[in-house]
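Q: For reference, the structure I am asking about is given below.
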Amino acid sequence: GLPPISVLIPARNEELGIAACVESVLASRHVELEVIVLDDHSTDRTADIVREIAAKNQRLRLEPAPPLPDGWCGKQAACFALSKLARHDLFTFLDADVRLEPDALARMALF
């Protein structure tokens with residue numbers, strides 16, 4: 001038994017690549033996972049694309065980014081917010097332009 005993994009993806013205006021990123025994660029083998037995409041106030045179709053995929057796969061959920069705290073930068077705040085949403089103790093952050101091989105998360109969970 002490998003530990004379950006939360007895959008955390010901060011996303012702002014990533015409509016061109018978010019589907020490929022999420023689909024590559026959902027194609028992971030040999031590991032239990034959840035995928036959380038934090039929509040960081042996108043002005044494009046990022047959230048709509050993630051919602052469409054989530055409607056077909058309950059391992060994926062979309063969360064809205066909270067307001068930016070004073071003194072914080074956007075991506076760091078998004079990653080912090082994602083870490084609080086994770087259900088599993090083991091998690092990894094991915095940028096929306098990353099594509100995983102099907103065994104990447106299982107290999108990561110071995111360590």
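By order of appearance in the structure tokens: chains A, B, ..., then residues from 1 within every chain, and ligands from 1 in the order shown.
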Name the residues of chain A that fall into alpha helix (DSSP H) according to DSSP on the backbone, using the chain letters and numbers of this document, as a ChimeraX atom specification.
A: /A:18-26,46-54,74-85,104-109
Q: Excluding stretch 70-86 of chain A and any residue of its chain fewer than 2 positions from it, enumerate the residues within 12 Å of it, using only C-alpha atoms, and give them as a JSON list (two decimals) with N, CA and C atoms, in the first residue's frame.
A:
[["chain", "number", "residue", "atom", "x", "y", "z"],
["A", 4, "PRO", "N", -2.06, 7.58, 0.02],
["A", 4, "PRO", "CA", -2.82, 8.39, -0.94],
["A", 4, "PRO", "C", -2.18, 9.77, -1.08],
["A", 5, "ILE", "N", -2.40, 10.38, -2.24],
["A", 5, "ILE", "CA", -1.75, 11.67, -2.56],
["A", 5, "ILE", "C", -2.80, 12.69, -2.97],
["A", 6, "SER", "N", -2.61, 13.90, -2.48],
["A", 6, "SER", "CA", -3.38, 15.05, -2.96],
["A", 6, "SER", "C", -2.52, 15.79, -3.97],
["A", 7, "VAL", "N", -3.02, 15.96, -5.18],
["A", 7, "VAL", "CA", -2.32, 16.68, -6.23],
["A", 7, "VAL", "C", -2.96, 18.06, -6.31],
["A", 8, "LEU", "N", -2.17, 19.09, -6.06],
["A", 8, "LEU", "CA", -2.65, 20.46, -5.89],
["A", 8, "LEU", "C", -2.16, 21.33, -7.04],
["A", 9, "ILE", "N", -3.11, 21.93, -7.76],
["A", 9, "ILE", "CA", -2.76, 22.68, -8.96],
["A", 9, "ILE", "C", -3.32, 24.10, -8.86],
["A", 10, "PRO", "N", -2.45, 25.09, -8.63],
["A", 10, "PRO", "CA", -2.92, 26.48, -8.70],
["A", 10, "PRO", "C", -3.05, 26.87, -10.17],
["A", 11, "ALA", "N", -4.15, 27.53, -10.51],
["A", 11, "ALA", "CA", -4.37, 27.83, -11.93],
["A", 11, "ALA", "C", -4.98, 29.23, -12.10],
["A", 12, "ARG", "N", -4.34, 30.01, -12.93],
["A", 12, "ARG", "CA", -4.87, 31.32, -13.31],
["A", 12, "ARG", "C", -4.72, 31.47, -14.81],
["A", 33, "LEU", "N", -5.68, 8.89, -5.29],
["A", 33, "LEU", "CA", -5.39, 10.32, -5.33],
["A", 33, "LEU", "C", -6.65, 11.16, -5.37],
["A", 34, "GLU", "N", -6.45, 12.41, -5.01],
["A", 34, "GLU", "CA", -7.43, 13.46, -5.25],
["A", 34, "GLU", "C", -6.69, 14.56, -5.99],
["A", 35, "VAL", "N", -7.40, 15.28, -6.83],
["A", 35, "VAL", "CA", -6.82, 16.40, -7.56],
["A", 35, "VAL", "C", -7.66, 17.63, -7.22],
["A", 36, "ILE", "N", -6.98, 18.66, -6.77],
["A", 36, "ILE", "CA", -7.66, 19.92, -6.46],
["A", 36, "ILE", "C", -7.06, 21.01, -7.32],
["A", 37, "VAL", "N", -7.89, 21.65, -8.11],
["A", 37, "VAL", "CA", -7.47, 22.81, -8.89],
["A", 37, "VAL", "C", -8.03, 24.04, -8.19],
["A", 38, "LEU", "N", -7.16, 24.97, -7.88],
["A", 38, "LEU", "CA", -7.57, 26.24, -7.28],
["A", 38, "LEU", "C", -7.62, 27.28, -8.39],
["A", 39, "ASP", "N", -8.83, 27.71, -8.71],
["A", 39, "ASP", "CA", -8.97, 28.75, -9.74],
["A", 39, "ASP", "C", -8.64, 30.09, -9.10],
["A", 40, "ASP", "N", -7.52, 30.65, -9.50],
["A", 40, "ASP", "CA", -7.02, 31.90, -8.92],
["A", 40, "ASP", "C", -7.52, 33.09, -9.72],
["A", 41, "HIS", "N", -8.85, 33.28, -9.69],
["A", 41, "HIS", "CA", -9.51, 34.43, -10.31],
["A", 41, "HIS", "C", -9.26, 34.51, -11.82],
["A", 60, "LEU", "N", -11.59, 14.67, -8.84],
["A", 60, "LEU", "CA", -11.19, 16.04, -9.16],
["A", 60, "LEU", "C", -12.20, 17.01, -8.58],
["A", 61, "ARG", "N", -11.68, 18.08, -7.98],
["A", 61, "ARG", "CA", -12.57, 19.15, -7.56],
["A", 61, "ARG", "C", -11.93, 20.51, -7.84],
["A", 62, "LEU", "N", -12.80, 21.48, -8.06],
["A", 62, "LEU", "CA", -12.40, 22.86, -8.33],
["A", 62, "LEU", "C", -12.74, 23.68, -7.10],
["A", 63, "GLU", "N", -11.81, 24.50, -6.69],
["A", 63, "GLU", "CA", -12.03, 25.39, -5.54],
["A", 63, "GLU", "C", -11.68, 26.81, -5.97],
["A", 64, "PRO", "N", -12.43, 27.80, -5.47],
["A", 64, "PRO", "CA", -12.09, 29.19, -5.78],
["A", 64, "PRO", "C", -10.98, 29.68, -4.85],
["A", 65, "ALA", "N", -10.14, 30.54, -5.36],
["A", 65, "ALA", "CA", -9.07, 31.12, -4.53],
["A", 65, "ALA", "C", -9.68, 32.13, -3.56],
["A", 66, "PRO", "N", -9.22, 32.10, -2.31],
["A", 66, "PRO", "CA", -9.67, 33.12, -1.37],
["A", 66, "PRO", "C", -9.03, 34.47, -1.71],
["A", 67, "PRO", "N", -9.51, 35.54, -1.12],
["A", 67, "PRO", "CA", -8.87, 36.84, -1.34],
["A", 67, "PRO", "C", -7.39, 36.79, -0.94],
["A", 68, "LEU", "N", -6.59, 37.54, -1.66],
["A", 68, "LEU", "CA", -5.15, 37.57, -1.40],
["A", 68, "LEU", "C", -4.86, 38.28, -0.07],
["A", 88, "HIS", "N", -5.27, 14.49, 2.04],
["A", 88, "HIS", "CA", -4.25, 13.49, 2.35],
["A", 88, "HIS", "C", -3.01, 14.16, 2.93],
["A", 89, "ASP", "N", -2.27, 13.39, 3.73],
["A", 89, "ASP", "CA", -1.05, 13.92, 4.35],
["A", 89, "ASP", "C", 0.08, 14.14, 3.35],
["A", 90, "LEU", "N", 0.11, 13.33, 2.30],
["A", 90, "LEU", "CA", 1.12, 13.47, 1.26],
["A", 90, "LEU", "C", 0.51, 14.27, 0.12],
["A", 91, "PHE", "N", 1.19, 15.36, -0.24],
["A", 91, "PHE", "CA", 0.69, 16.12, -1.39],
["A", 91, "PHE", "C", 1.82, 16.68, -2.22],
["A", 92, "THR", "N", 1.47, 17.00, -3.44],
["A", 92, "THR", "CA", 2.42, 17.59, -4.37],
["A", 92, "THR", "C", 1.73, 18.72, -5.12],
["A", 93, "PHE", "N", 2.50, 19.73, -5.43],
["A", 93, "PHE", "CA", 2.01, 20.85, -6.22],
["A", 93, "PHE", "C", 2.46, 20.67, -7.67],
["A", 94, "LEU", "N", 1.56, 20.97, -8.60],
["A", 94, "LEU", "CA", 1.90, 20.94, -10.02],
["A", 94, "LEU", "C", 1.49, 22.24, -10.67],
["A", 95, "ASP", "N", 2.31, 22.73, -11.56],
["A", 95, "ASP", "CA", 1.90, 23.84, -12.42],
["A", 95, "ASP", "C", 1.02, 23.28, -13.52]]
